[in-house]
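Participant: Just so it is clear, I am handing over target.cif, which has mmCIF, C-alpha atoms.
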data_model
#
loop_
_atom_site.label_atom_id
_atom_site.label_comp_id
_atom_site.auth_asym_id
_atom_site.auth_seq_id
_atom_site.Cartn_x
_atom_site.Cartn_y
_atom_site.Cartn_z
CA MET A 1 -8.03 -38.75 -8.82
CA SER A 2 -7.29 -35.29 -7.39
CA GLN A 3 -6.61 -35.01 -3.69
CA PRO A 4 -9.01 -32.99 -1.52
CA PHE A 5 -7.85 -29.78 0.07
CA ALA A 6 -8.40 -28.41 3.55
CA LYS A 7 -9.20 -24.77 4.15
CA LEU A 8 -6.21 -23.09 5.70
CA PRO A 9 -6.65 -21.66 9.19
CA ALA A 10 -6.43 -17.89 9.40
CA TRP A 11 -2.96 -17.88 10.96
CA ALA A 12 -1.62 -20.00 8.08
CA ASP A 13 -3.43 -18.08 5.35
CA TYR A 14 -2.48 -14.62 6.62
CA GLY A 15 0.86 -15.45 8.24
CA LEU A 16 2.51 -18.72 7.24
CA LEU A 17 1.81 -18.63 3.49
CA PRO A 18 3.05 -15.03 2.98
CA LEU A 19 6.12 -15.90 5.05
CA ILE A 20 6.89 -18.91 2.82
CA ASN A 21 6.49 -16.76 -0.29
CA LEU A 22 8.76 -14.12 1.19
CA ILE A 23 11.46 -16.63 2.16
CA VAL A 24 11.46 -18.14 -1.34
CA ALA A 25 11.65 -14.67 -2.89
CA PHE A 26 14.70 -13.79 -0.79
CA LEU A 27 16.34 -17.14 -1.53
CA VAL A 28 16.00 -16.52 -5.26
CA ALA A 29 17.21 -12.95 -4.75
CA GLY A 30 20.20 -14.39 -2.88
CA LEU A 31 21.08 -16.44 -5.95
CA VAL A 32 20.98 -13.28 -8.04
CA VAL A 33 23.32 -11.53 -5.58
CA LEU A 34 25.62 -14.56 -5.66
CA LEU A 35 25.79 -14.44 -9.45
CA VAL A 36 27.18 -10.91 -9.38
CA GLY A 37 29.94 -11.96 -7.01
CA GLU A 38 28.65 -10.71 -3.65
CA SER A 39 27.70 -12.57 -0.49
CA PRO A 40 23.92 -12.91 -0.03
CA ILE A 41 24.36 -13.07 3.73
CA ASP A 42 26.40 -9.87 3.81
CA ALA A 43 23.84 -8.19 1.55
CA ALA A 44 20.97 -9.28 3.82
CA VAL A 45 22.75 -8.07 6.95
CA LEU A 46 23.55 -4.76 5.27
CA MET A 47 19.94 -4.34 4.16
CA VAL A 48 18.53 -4.94 7.63
CA LYS A 49 21.19 -2.75 9.23
CA GLY A 50 20.58 0.04 6.74
CA ALA A 51 16.82 -0.09 7.34
CA PHE A 52 16.72 -0.57 11.12
CA GLY A 53 20.26 -0.03 12.40
CA SER A 54 19.97 3.69 13.11
CA GLY A 55 17.41 6.35 13.84
CA ASP A 56 17.65 7.79 10.34
CA GLY A 57 17.41 4.31 8.84
CA VAL A 58 14.21 3.59 10.75
CA GLY A 59 12.92 7.06 9.90
CA TYR A 60 13.39 6.57 6.16
CA THR A 61 11.96 3.05 6.30
CA LEU A 62 8.78 4.27 8.00
CA TYR A 63 8.63 7.29 5.67
CA TYR A 64 8.51 5.00 2.64
CA ALA A 65 6.12 2.67 4.46
CA THR A 66 3.70 5.57 5.01
CA ASN A 67 3.29 5.98 1.24
CA PHE A 68 2.78 2.24 0.79
CA ILE A 69 0.20 1.98 3.59
CA PHE A 70 -2.01 4.55 1.89
CA THR A 71 -1.69 3.05 -1.59
CA GLY A 72 -2.00 -0.50 -0.24
CA LEU A 73 -5.24 0.42 1.53
CA CYS A 74 -6.42 2.06 -1.70
CA VAL A 75 -5.96 -1.19 -3.63
CA ALA A 76 -7.34 -3.38 -0.82
CA VAL A 77 -10.64 -1.50 -0.47
CA ALA A 78 -11.25 -1.94 -4.20
CA PHE A 79 -10.22 -5.62 -4.01
CA HIS A 80 -12.93 -6.29 -1.43
CA CYS A 81 -15.51 -5.06 -3.95
CA GLY A 82 -14.06 -7.19 -6.73
CA LEU A 83 -12.46 -4.15 -8.39
CA PHE A 84 -8.84 -3.84 -9.47
CA ASN A 85 -7.99 -0.19 -8.98
CA ILE A 86 -4.51 0.25 -10.42
CA GLY A 87 -4.99 4.00 -10.67
CA GLY A 88 -3.55 4.74 -7.23
CA GLU A 89 -0.52 6.34 -8.87
CA GLY A 90 -2.64 8.91 -10.69
CA GLN A 91 -5.06 9.40 -7.80
CA ALA A 92 -2.16 10.11 -5.44
CA TYR A 93 -0.57 12.42 -8.01
CA ILE A 94 -3.71 14.46 -8.56
CA GLY A 95 -4.39 14.37 -4.80
CA GLY A 96 -1.18 16.35 -4.41
CA LEU A 97 -2.99 19.25 -6.01
CA GLY A 98 -5.38 19.46 -3.06
CA VAL A 99 -2.49 19.30 -0.58
CA SER A 100 -0.55 21.99 -2.44
CA LEU A 101 -3.45 24.42 -2.69
CA VAL A 102 -3.99 24.22 1.07
CA GLY A 103 -0.27 24.59 1.77
CA LEU A 104 0.15 27.52 -0.61
CA TRP A 105 -2.97 29.46 0.42
CA LEU A 106 -3.20 28.79 4.14
CA GLY A 107 0.37 28.00 5.22
CA ASN A 108 1.07 31.67 5.86
CA PHE A 109 -1.98 32.19 8.08
CA LEU A 110 -2.72 28.98 9.98
CA PRO A 111 -0.57 26.66 12.12
CA TRP A 112 0.14 23.16 10.84
CA TRP A 113 -2.41 21.53 13.14
CA LEU A 114 -5.16 23.50 11.38
CA THR A 115 -3.83 23.19 7.83
CA PHE A 116 -3.26 19.45 8.26
CA PRO A 117 -6.97 18.50 8.65
CA LEU A 118 -7.85 20.79 5.74
CA ALA A 119 -5.12 19.20 3.60
CA ILE A 120 -6.42 15.74 4.53
CA LEU A 121 -9.90 16.71 3.36
CA ALA A 122 -8.60 18.37 0.20
CA SER A 123 -6.35 15.47 -0.82
CA ALA A 124 -9.05 12.89 -0.09
CA LEU A 125 -11.67 14.88 -1.99
CA VAL A 126 -9.49 15.39 -5.08
CA GLY A 127 -8.39 11.73 -5.09
CA ALA A 128 -11.99 10.56 -4.68
CA LEU A 129 -13.23 12.77 -7.52
CA TRP A 130 -10.44 11.50 -9.78
CA ALA A 131 -11.56 7.91 -9.06
CA LEU A 132 -15.22 8.81 -9.56
CA ILE A 133 -15.00 8.95 -13.36
CA PRO A 134 -13.59 5.41 -13.85
CA ALA A 135 -16.07 4.18 -11.22
CA TRP A 136 -19.03 5.67 -13.09
CA LEU A 137 -17.76 4.32 -16.40
CA GLN A 138 -17.46 0.84 -14.87
CA ALA A 139 -20.83 0.87 -13.14
CA LYS A 140 -22.86 2.65 -15.78
CA ARG A 141 -21.16 1.96 -19.10
CA GLY A 142 -19.34 -1.33 -18.47
CA SER A 143 -15.88 0.15 -19.16
CA HIS A 144 -13.41 -2.03 -17.27
CA VAL A 145 -11.89 -0.21 -14.33
CA VAL A 146 -8.41 -1.61 -15.04
CA ILE A 147 -8.29 0.05 -18.45
CA THR A 148 -9.77 3.36 -17.35
CA THR A 149 -7.58 3.71 -14.26
CA ILE A 150 -4.45 3.00 -16.34
CA MET A 151 -5.51 5.75 -18.75
CA PHE A 152 -6.22 8.14 -15.90
CA ASN A 153 -2.70 7.61 -14.52
CA PHE A 154 -1.29 9.13 -17.70
CA ILE A 155 -3.90 11.88 -17.79
CA ALA A 156 -3.07 12.82 -14.18
CA ALA A 157 0.66 12.94 -14.99
CA SER A 158 0.02 15.20 -17.99
CA ILE A 159 -2.21 17.55 -15.97
CA MET A 160 0.37 17.85 -13.21
CA VAL A 161 3.17 18.57 -15.71
CA TYR A 162 1.07 21.37 -17.19
CA LEU A 163 0.29 22.84 -13.76
CA LEU A 164 3.85 22.64 -12.43
CA VAL A 165 5.47 23.96 -15.57
CA GLY A 166 3.05 26.82 -16.19
CA VAL A 167 0.46 27.57 -13.52
CA LEU A 168 1.89 26.78 -10.08
CA LYS A 169 5.57 27.51 -10.77
CA PRO A 170 6.77 30.76 -9.14
CA ALA A 171 7.67 33.61 -11.48
CA GLY A 172 11.32 33.56 -12.48
CA SER A 173 11.86 29.95 -11.38
CA GLN A 174 13.12 27.31 -13.82
CA ALA A 175 12.31 24.25 -11.68
CA PRO A 176 8.91 22.59 -12.30
CA GLU A 177 7.72 22.88 -8.70
CA THR A 178 5.71 25.15 -6.44
CA ARG A 179 7.26 27.54 -3.99
CA VAL A 180 8.21 26.23 -0.56
CA PHE A 181 5.26 26.29 1.83
CA ALA A 182 5.30 28.58 4.82
CA GLU A 183 5.73 27.05 8.26
CA GLY A 184 2.02 26.42 8.61
CA GLY A 185 2.14 24.15 5.57
CA GLN A 186 4.90 21.92 6.91
CA LEU A 187 4.25 18.85 9.03
CA PRO A 188 6.39 18.25 12.12
CA GLY A 189 8.72 15.26 12.26
CA LEU A 190 8.42 12.25 14.52
CA GLY A 191 11.91 12.33 15.96
CA TRP A 192 10.40 12.41 19.44
CA LEU A 193 8.73 9.06 18.75
CA LEU A 194 12.05 7.40 17.95
CA ASP A 195 13.64 9.10 20.95
CA LEU A 196 11.29 7.07 23.13
CA VAL A 197 13.02 3.86 21.96
CA GLY A 198 16.53 5.30 22.17
CA LEU A 199 17.02 6.18 18.49
CA SER A 200 18.12 9.59 17.27
CA MET A 201 16.66 10.80 13.97
CA ARG A 202 18.57 13.66 12.37
CA SER A 203 17.62 14.03 8.70
CA ALA A 204 14.94 11.42 7.94
CA PRO A 205 11.63 12.91 6.74
CA LEU A 206 9.38 10.75 8.94
CA ASN A 207 6.44 12.93 9.95
CA VAL A 208 2.98 12.84 11.52
CA SER A 209 1.38 11.51 8.32
CA PHE A 210 2.73 8.11 9.44
CA LEU A 211 0.34 8.26 12.38
CA LEU A 212 -2.45 9.26 9.99
CA ALA A 213 -1.66 6.17 7.89
CA LEU A 214 -2.06 3.94 10.95
CA VAL A 215 -5.36 5.63 11.79
CA ALA A 216 -6.50 5.13 8.18
CA ALA A 217 -5.64 1.42 8.41
CA PHE A 218 -7.76 1.07 11.56
CA LEU A 219 -10.67 2.97 9.99
CA VAL A 220 -10.53 0.75 6.89
CA TRP A 221 -10.72 -2.32 9.16
CA VAL A 222 -13.77 -0.82 10.88
CA LEU A 223 -15.34 0.03 7.52
CA ILE A 224 -14.85 -3.35 5.86
CA TRP A 225 -15.61 -5.66 8.80
CA ARG A 226 -17.75 -3.67 11.20
CA THR A 227 -20.22 -1.66 9.10
CA LYS A 228 -23.19 -2.34 6.86
CA LEU A 229 -21.44 -0.62 3.95
CA GLY A 230 -18.42 -2.87 4.41
CA TYR A 231 -20.66 -5.93 4.37
CA GLU A 232 -22.23 -4.73 1.13
CA ILE A 233 -18.79 -4.10 -0.37
CA ARG A 234 -17.60 -7.61 0.53
CA THR A 235 -20.84 -9.15 -0.73
CA MET A 236 -20.47 -7.38 -4.07
CA GLY A 237 -16.89 -8.61 -4.33
CA PHE A 238 -17.76 -12.18 -3.39
CA SER A 239 -20.86 -12.57 -5.55
CA PRO A 240 -22.36 -9.69 -7.58
CA LYS A 241 -25.41 -11.86 -8.38
CA ALA A 242 -26.09 -12.50 -4.70
CA ALA A 243 -25.61 -8.81 -3.95
CA ARG A 244 -28.10 -7.80 -6.62
CA TYR A 245 -30.56 -10.45 -5.38
CA ALA A 246 -30.25 -8.97 -1.88
CA GLY A 247 -31.17 -5.54 -3.21
CA ILE A 248 -27.69 -4.02 -3.06
CA SER A 249 -27.26 -1.34 -5.71
CA GLU A 250 -24.25 -2.25 -7.85
CA LEU A 251 -23.94 1.32 -9.15
CA ARG A 252 -23.90 2.79 -5.63
CA ILE A 253 -21.43 0.31 -4.17
CA ILE A 254 -18.96 0.53 -7.05
CA ILE A 255 -18.93 4.33 -7.01
CA ILE A 256 -18.66 4.59 -3.21
CA THR A 257 -15.91 1.97 -3.05
CA MET A 258 -13.84 3.55 -5.80
CA MET A 259 -14.21 7.00 -4.25
CA ILE A 260 -13.02 5.67 -0.87
CA SER A 261 -10.15 3.95 -2.66
CA GLY A 262 -9.23 7.14 -4.51
CA ALA A 263 -9.45 9.19 -1.30
CA LEU A 264 -6.94 6.88 0.41
CA ALA A 265 -4.56 7.20 -2.53
CA GLY A 266 -4.96 10.98 -2.54
CA MET A 267 -3.97 11.20 1.13
CA MET A 268 -0.66 9.56 0.27
CA ALA A 269 0.40 12.96 -1.16
CA LEU A 270 0.46 14.44 2.36
CA ASN A 271 3.59 12.51 3.26
CA PRO A 272 6.00 13.69 0.54
CA ILE A 273 4.52 17.15 -0.06
CA MET A 274 3.76 18.52 3.41
CA GLY A 275 5.95 16.14 5.36
CA ALA A 276 9.20 15.97 3.38
CA GLN A 277 9.58 18.32 0.39
CA HIS A 278 7.36 21.15 1.74
CA ARG A 279 6.44 21.87 -1.87
CA MET A 280 5.03 19.93 -4.79
CA GLN A 281 7.50 18.60 -7.35
CA LEU A 282 7.17 16.48 -10.46
CA ASP A 283 6.79 12.72 -9.90
CA PHE A 284 6.61 12.96 -6.11
CA VAL A 285 4.60 9.70 -6.07
CA ALA A 286 7.62 7.82 -7.45
CA GLY A 287 5.81 4.56 -8.19
CA ALA A 288 4.19 4.17 -4.77
CA GLY A 289 0.82 3.60 -6.40
CA PHE A 290 2.06 0.48 -8.15
CA VAL A 291 3.94 -0.78 -5.09
CA GLY A 292 0.63 -0.54 -3.25
CA ILE A 293 -0.69 -3.38 -5.44
CA ALA A 294 2.04 -5.70 -4.16
CA VAL A 295 1.53 -4.46 -0.60
CA ALA A 296 -2.20 -5.24 -0.77
CA LEU A 297 -1.53 -8.70 -2.23
CA MET A 298 1.10 -9.56 0.36
CA GLY A 299 -1.06 -8.18 3.17
CA ARG A 300 -4.06 -10.25 2.00
CA SER A 301 -6.05 -7.00 1.69
CA HIS A 302 -6.20 -6.81 5.50
CA PRO A 303 -5.11 -3.51 7.08
CA ALA A 304 -2.83 -5.23 9.62
CA GLY A 305 -1.13 -7.23 6.88
CA ILE A 306 -0.84 -4.12 4.73
CA VAL A 307 0.99 -2.22 7.49
CA ILE A 308 3.48 -5.08 7.89
CA ALA A 309 3.95 -5.48 4.12
CA ALA A 310 4.42 -1.71 3.74
CA ILE A 311 7.19 -1.73 6.36
CA LEU A 312 8.80 -4.65 4.49
CA PHE A 313 8.83 -2.67 1.25
CA GLY A 314 10.07 0.36 3.14
CA MET A 315 12.94 -1.82 4.32
CA LEU A 316 13.63 -2.88 0.72
CA TYR A 317 13.75 0.74 -0.39
CA GLN A 318 15.92 2.06 2.43
CA GLY A 319 18.06 -1.06 2.90
CA GLY A 320 18.44 -1.39 -0.86
CA ALA A 321 19.90 2.11 -1.05
CA GLU A 322 22.48 1.13 1.59
CA ILE A 323 23.41 -2.01 -0.36
CA ALA A 324 23.80 -0.08 -3.61
CA PHE A 325 26.10 2.37 -1.81
CA ASP A 326 28.30 -0.16 0.03
CA MET A 327 28.35 -2.98 -2.58
CA PRO A 328 29.37 -1.54 -5.97
CA ASN A 329 28.53 -4.76 -7.82
CA ILE A 330 24.90 -4.46 -6.72
CA SER A 331 23.44 -1.51 -8.58
CA ARG A 332 20.13 0.20 -7.94
CA ASP A 333 18.73 -1.89 -10.80
CA MET A 334 19.60 -5.04 -8.87
CA ILE A 335 17.58 -3.75 -5.94
CA VAL A 336 14.63 -3.30 -8.29
CA ILE A 337 15.07 -6.94 -9.32
CA ILE A 338 14.91 -8.02 -5.67
CA GLN A 339 11.77 -5.96 -5.17
CA GLY A 340 10.33 -7.50 -8.32
CA LEU A 341 10.99 -11.01 -6.99
CA VAL A 342 9.13 -10.20 -3.79
CA ILE A 343 6.22 -8.88 -5.86
CA LEU A 344 6.36 -11.98 -8.11
CA PHE A 345 6.14 -14.51 -5.29
CA ALA A 346 3.77 -12.44 -3.13
CA GLY A 347 1.47 -11.62 -6.03
CA ALA A 348 1.64 -13.51 -9.29
CA LEU A 349 2.82 -16.79 -7.71
CA GLU A 350 0.87 -16.38 -4.48
CA HIS A 351 -0.99 -19.67 -5.04
CA MET A 352 2.09 -21.70 -5.96
CA PHE A 353 2.55 -23.12 -2.45
CA ARG A 354 -1.08 -22.96 -1.35
CA PRO A 355 -2.17 -26.41 -2.72
CA SER A 356 0.75 -28.17 -1.01
CA LEU A 357 0.04 -26.37 2.25
CA GLN A 358 -3.65 -27.28 2.01
CA ARG A 359 -2.76 -30.96 1.48
CA ILE A 360 -0.55 -30.89 4.58
CA PHE A 361 -3.34 -29.41 6.71
CA TYR A 362 -5.83 -31.88 5.21
CA ARG A 363 -3.64 -34.84 6.21
CA LEU A 364 -3.00 -33.37 9.63
CA GLY A 365 -6.75 -32.95 10.10
CA ARG A 366 -7.42 -36.56 9.07
CA ALA A 367 -4.72 -37.86 11.40
CA LYS A 368 -6.16 -35.80 14.26
CA ASN A 369 -9.64 -37.14 13.57
CA ARG A 370 -8.37 -40.74 13.51
CA THR A 371 -6.59 -40.21 16.82
CA ALA A 372 -9.71 -38.70 18.37
CA THR A 373 -11.87 -41.56 17.04
CA ALA A 374 -9.46 -44.16 18.40
CA ALA A 375 -9.44 -42.45 21.78
CA LEU A 376 -13.24 -42.41 21.92
CA ALA A 377 -13.41 -46.09 20.87
CA GLY A 378 -10.87 -47.03 23.55
CA GLY A 379 -12.77 -45.14 26.20
CA SER A 380 -16.09 -46.82 25.38
CA GLN A 381 -14.73 -50.33 25.77
#
Output the file's structure in the form of structure tokens.

Facilitator:
Amino acid sequence: MSQPFAKLPAWADYGLLPLINLIVAFLVAGLVVLLVGESPIDAAVLMVKGAFGSGDGVGYTLYYATNFIFTGLCVAVAFHCGLFNIGGEGQAYIGGLGVSLVGLWLGNFLPWWLTFPLAILASALVGALWALIPAWLQAKRGSHVVITTIMFNFIAASIMVYLLVGVLKPAGSQAPETRVFAEGGQLPGLGWLLDLVGLSMRSAPLNVSFLLALVAAFLVWVLIWRTKLGYEIRTMGFSPKAARYAGISELRIIIITMMISGALAGMMALNPIMGAQHRMQLDFVAGAGFVGIAVALMGRSHPAGIVIAAILFGMLYQGGAEIAFDMPNISRDMIVIIQGLVILFAGALEHMFRPSLQRIFYRLGRAKNRTATAALAGGSQ
């Protein structure tokens, strides 16, 4: 006979279980490091030191985390509606077009604090429109959003290659990229923020889009848990039949949710284009759209968890680069393996430890109830 399970309390579901998965992932990664002849402890210390041991290390970690916050929120919003939007890569890529057009046209005339809001609107609008087509196909024609968003990733990449090779490339240039934006199209850095905690940032590209990512995380929390639309999104994700019975339009909710998801992915382009490169180059997304899936899974689709998970993956990216530089036996491919293990245990094997943890909490609950019953019986005598 199967044993009953207890529902995990929120602190265990959102904190303890992801921590267990993360510890197991790093233990397995430590075995991989040991097999190539390096010390796992030294590698772990070097990774943490490389990610948080200097102002530039922290700056790069938070720069990468900014990308992952946007794409993680993109995936999470769709998750809440029962949709699996894996088109964040393409939506962010095509969103870069909106950022670039604002930077190219207005950077010469407006200061950054005026071009920035316009670039936010442009990137969100382009990303939302790119997600609209798969959303409509899912809601109206029954085409599965996983398949269509995968296809649209490749379509977006092809469109951007065409634009950067032929249309947006400056005359006489051989590099597939736009010209460098004027000063009004460049976002200021956040070195002053790290100065407040005694860290000096010299070359890291951390910029104000990190603050925008935190604001976006808060707004997503408000949307999902504090608005009528968020309630409808969660209802549709939990039970489409119940949502339809309650009079919620499936077509409307799917399209709105996917457009919000695409807008969040599109805003990711602000960080590398206006904040770091100050121009648009090929493959500036660099896989952040797919990392966002793991970030959303590890963060339990909650904005607070997504911010923490994004910083973790930022640490893996920045600290992994330090390991690959200082430990020759650990190549960049080995760092990808470590990242893959984190994704494996945080995503695909997320439920591996959940049944055991639920049994533990079930037994603890029964023991607590017996103790309380015994105490009441003793007091009544």

Participant: Using all atoms listed in the file, what table do you get, as CSV, when you list each residue of segment 142-220 of chain A with an atom no more than 10 Å from segment 304-323 of chain A, its nearest pair of atoms, and their distance in Å rounded to one decimal, rows by chain then rising number?

Facilitator:
residue,atom,partner,partner_atom,distance
A:Ala213,CA,A:Val307,CA,8.8
A:Leu214,CA,A:Val307,CA,7.7
A:Ala217,CA,A:Ala304,CA,7.3
A:Phe218,CA,A:Ala304,CA,8.2

Participant: Sorted by chain and rising residue number, which residues of segment 7-91 of chain A lie within 12 Å of segment 231-254 of chain A, and what are their closest atom pairs and distances in Å to one decimal, counting all atoms listed in the file, as a Markdown table?

Facilitator:
| residue | atom | partner | partner_atom | distance |
| --- | --- | --- | --- | --- |
| A:Ala76 | CA | A:Arg234 | CA | 11.2 |
| A:Val77 | CA | A:Ile233 | CA | 8.6 |
| A:Ala78 | CA | A:Ile254 | CA | 8.6 |
| A:Phe79 | CA | A:Gly237 | CA | 7.3 |
| A:His80 | CA | A:Arg234 | CA | 5.2 |
| A:Cys81 | CA | A:Gly237 | CA | 3.8 |
| A:Gly82 | CA | A:Gly237 | CA | 4.0 |
| A:Leu83 | CA | A:Gly237 | CA | 7.5 |
| A:Phe84 | CA | A:Gly237 | CA | 10.7 |
| A:Asn85 | CA | A:Ile254 | CA | 11.2 |

Participant: Taking the file as I've supplied it (selection: the PyMOL selection byres ((chain A and resi 141-151) around 9)), which residues are included? Please answer as a JSON list (two decimals) with C-alpha atoms, keeping the file's coordinate frame.

Facilitator:
[["chain", "number", "residue", "atom", "x", "y", "z"],
["A", 83, "LEU", "CA", -12.46, -4.15, -8.39],
["A", 84, "PHE", "CA", -8.84, -3.84, -9.47],
["A", 85, "ASN", "CA", -7.99, -0.19, -8.98],
["A", 86, "ILE", "CA", -4.51, 0.25, -10.42],
["A", 87, "GLY", "CA", -4.99, 4.00, -10.67],
["A", 88, "GLY", "CA", -3.55, 4.74, -7.23],
["A", 90, "GLY", "CA", -2.64, 8.91, -10.69],
["A", 91, "GLN", "CA", -5.06, 9.40, -7.80],
["A", 131, "ALA", "CA", -11.56, 7.91, -9.06],
["A", 133, "ILE", "CA", -15.00, 8.95, -13.36],
["A", 134, "PRO", "CA", -13.59, 5.41, -13.85],
["A", 135, "ALA", "CA", -16.07, 4.18, -11.22],
["A", 136, "TRP", "CA", -19.03, 5.67, -13.09],
["A", 137, "LEU", "CA", -17.76, 4.32, -16.40],
["A", 138, "GLN", "CA", -17.46, 0.84, -14.87],
["A", 139, "ALA", "CA", -20.83, 0.87, -13.14],
["A", 140, "LYS", "CA", -22.86, 2.65, -15.78],
["A", 152, "PHE", "CA", -6.22, 8.14, -15.90],
["A", 153, "ASN", "CA", -2.70, 7.61, -14.52],
["A", 154, "PHE", "CA", -1.29, 9.13, -17.70],
["A", 155, "ILE", "CA", -3.90, 11.88, -17.79],
["A", 156, "ALA", "CA", -3.07, 12.82, -14.18]]

Participant: How far is it from atom CA of Val102 of chain A to atom CA of Gly262 of chain A, in Å with one decimal?

Facilitator: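 About the pair atom CA of Val102 of chain A and atom CA of Gly262 of chain A: they are 18.7 Å apart.
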
Participant: What's around segment 21-35 of chain A at 12 Å? Count only C-alpha atoms, leave out sequence neighbours fewer than 3 positions away in its own chain, and write the answer as a ChimeraX atom specification.

Facilitator: /A:13-18,38-45,47,297-299,309,312-313,316,323-324,327-331,333-354,357

Participant: Keeping C-alpha atoms for every residue in the selection just given, could you write it to a file as a PDB file, keeping the file's coordinate frame?

Facilitator:
ATOM      1  CA  ASP A  13      -3.430 -18.080   5.350  1.00  0.00           C
ATOM      2  CA  TYR A  14      -2.480 -14.620   6.620  1.00  0.00           C
ATOM      3  CA  GLY A  15       0.860 -15.450   8.240  1.00  0.00           C
ATOM      4  CA  LEU A  16       2.510 -18.720   7.240  1.00  0.00           C
ATOM      5  CA  LEU A  17       1.810 -18.630   3.490  1.00  0.00           C
ATOM      6  CA  PRO A  18       3.050 -15.030   2.980  1.00  0.00           C
ATOM      7  CA  GLU A  38      28.650 -10.710  -3.650  1.00  0.00           C
ATOM      8  CA  SER A  39      27.700 -12.570  -0.490  1.00  0.00           C
ATOM      9  CA  PRO A  40      23.920 -12.910  -0.030  1.00  0.00           C
ATOM     10  CA  ILE A  41      24.360 -13.070   3.730  1.00  0.00           C
ATOM     11  CA  ASP A  42      26.400  -9.870   3.810  1.00  0.00           C
ATOM     12  CA  ALA A  43      23.840  -8.190   1.550  1.00  0.00           C
ATOM     13  CA  ALA A  44      20.970  -9.280   3.820  1.00  0.00           C
ATOM     14  CA  VAL A  45      22.750  -8.070   6.950  1.00  0.00           C
ATOM     15  CA  MET A  47      19.940  -4.340   4.160  1.00  0.00           C
ATOM     16  CA  LEU A 297      -1.530  -8.700  -2.230  1.00  0.00           C
ATOM     17  CA  MET A 298       1.100  -9.560   0.360  1.00  0.00           C
ATOM     18  CA  GLY A 299      -1.060  -8.180   3.170  1.00  0.00           C
ATOM     19  CA  ALA A 309       3.950  -5.480   4.120  1.00  0.00           C
ATOM     20  CA  LEU A 312       8.800  -4.650   4.490  1.00  0.00           C
ATOM     21  CA  PHE A 313       8.830  -2.670   1.250  1.00  0.00           C
ATOM     22  CA  LEU A 316      13.630  -2.880   0.720  1.00  0.00           C
ATOM     23  CA  ILE A 323      23.410  -2.010  -0.360  1.00  0.00           C
ATOM     24  CA  ALA A 324      23.800  -0.080  -3.610  1.00  0.00           C
ATOM     25  CA  MET A 327      28.350  -2.980  -2.580  1.00  0.00           C
ATOM     26  CA  PRO A 328      29.370  -1.540  -5.970  1.00  0.00           C
ATOM     27  CA  ASN A 329      28.530  -4.760  -7.820  1.00  0.00           C
ATOM     28  CA  ILE A 330      24.900  -4.460  -6.720  1.00  0.00           C
ATOM     29  CA  SER A 331      23.440  -1.510  -8.580  1.00  0.00           C
ATOM     30  CA  ASP A 333      18.730  -1.890 -10.800  1.00  0.00           C
ATOM     31  CA  MET A 334      19.600  -5.040  -8.870  1.00  0.00           C
ATOM     32  CA  ILE A 335      17.580  -3.750  -5.940  1.00  0.00           C
ATOM     33  CA  VAL A 336      14.630  -3.300  -8.290  1.00  0.00           C
ATOM     34  CA  ILE A 337      15.070  -6.940  -9.320  1.00  0.00           C
ATOM     35  CA  ILE A 338      14.910  -8.020  -5.670  1.00  0.00           C
ATOM     36  CA  GLN A 339      11.770  -5.960  -5.170  1.00  0.00           C
ATOM     37  CA  GLY A 340      10.330  -7.500  -8.320  1.00  0.00           C
ATOM     38  CA  LEU A 341      10.990 -11.010  -6.990  1.00  0.00           C
ATOM     39  CA  VAL A 342       9.130 -10.200  -3.790  1.00  0.00           C
ATOM     40  CA  ILE A 343       6.220  -8.880  -5.860  1.00  0.00           C
ATOM     41  CA  LEU A 344       6.360 -11.980  -8.110  1.00  0.00           C
ATOM     42  CA  PHE A 345       6.140 -14.510  -5.290  1.00  0.00           C
ATOM     43  CA  ALA A 346       3.770 -12.440  -3.130  1.00  0.00           C
ATOM     44  CA  GLY A 347       1.470 -11.620  -6.030  1.00  0.00           C
ATOM     45  CA  ALA A 348       1.640 -13.510  -9.290  1.00  0.00           C
ATOM     46  CA  LEU A 349       2.820 -16.790  -7.710  1.00  0.00           C
ATOM     47  CA  GLU A 350       0.870 -16.380  -4.480  1.00  0.00           C
ATOM     48  CA  HIS A 351      -0.990 -19.670  -5.040  1.00  0.00           C
ATOM     49  CA  MET A 352       2.090 -21.700  -5.960  1.00  0.00           C
ATOM     50  CA  PHE A 353       2.550 -23.120  -2.450  1.00  0.00           C
ATOM     51  CA  ARG A 354      -1.080 -22.960  -1.350  1.00  0.00           C
ATOM     52  CA  LEU A 357       0.040 -26.370   2.250  1.00  0.00           C
TER      53      LEU A 357
END

Participant: Starting from the shown file, work through the PyMOL selection byres ((chain A and resi 266-271) around 7) and note down what comes out as a list in words.

Facilitator: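 Against this file, the PyMOL selection byres ((chain A and resi 266-271) around 7) returns the residues Asn67, Phe70, Thr71, Gln91, Ala92, Tyr93, Gly95, Gly96, Val99, Ile120, Ser123, Ala124, Val126, Gly127, Ser209, Gly262, Ala263, Leu264, Ala265, Pro272, Ile273, Met274, Gly275 and Ala276 of chain A.
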
Participant: Any chance you could resolve the PyMOL selection byres ((chain A and resi 176) around 6) against this file and give the residues as a JSON list (two decimals) with C-alpha atoms, in the frame of the given file?

Facilitator:
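Okay, out.json is ready:
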[["chain", "number", "residue", "atom", "x", "y", "z"],
["A", 164, "LEU", "CA", 3.85, 22.64, -12.43],
["A", 165, "VAL", "CA", 5.47, 23.96, -15.57],
["A", 175, "ALA", "CA", 12.31, 24.25, -11.68],
["A", 177, "GLU", "CA", 7.72, 22.88, -8.70]]

Participant: Could you check which residues have any atom within 10 Å of (9.1, 6.0, -5.0), counting only C-alpha atoms with coordinates taken straight from the file, and then list them as a ChimeraX atom specification?

Facilitator: /A:64,67-68,272,283-291,314,317
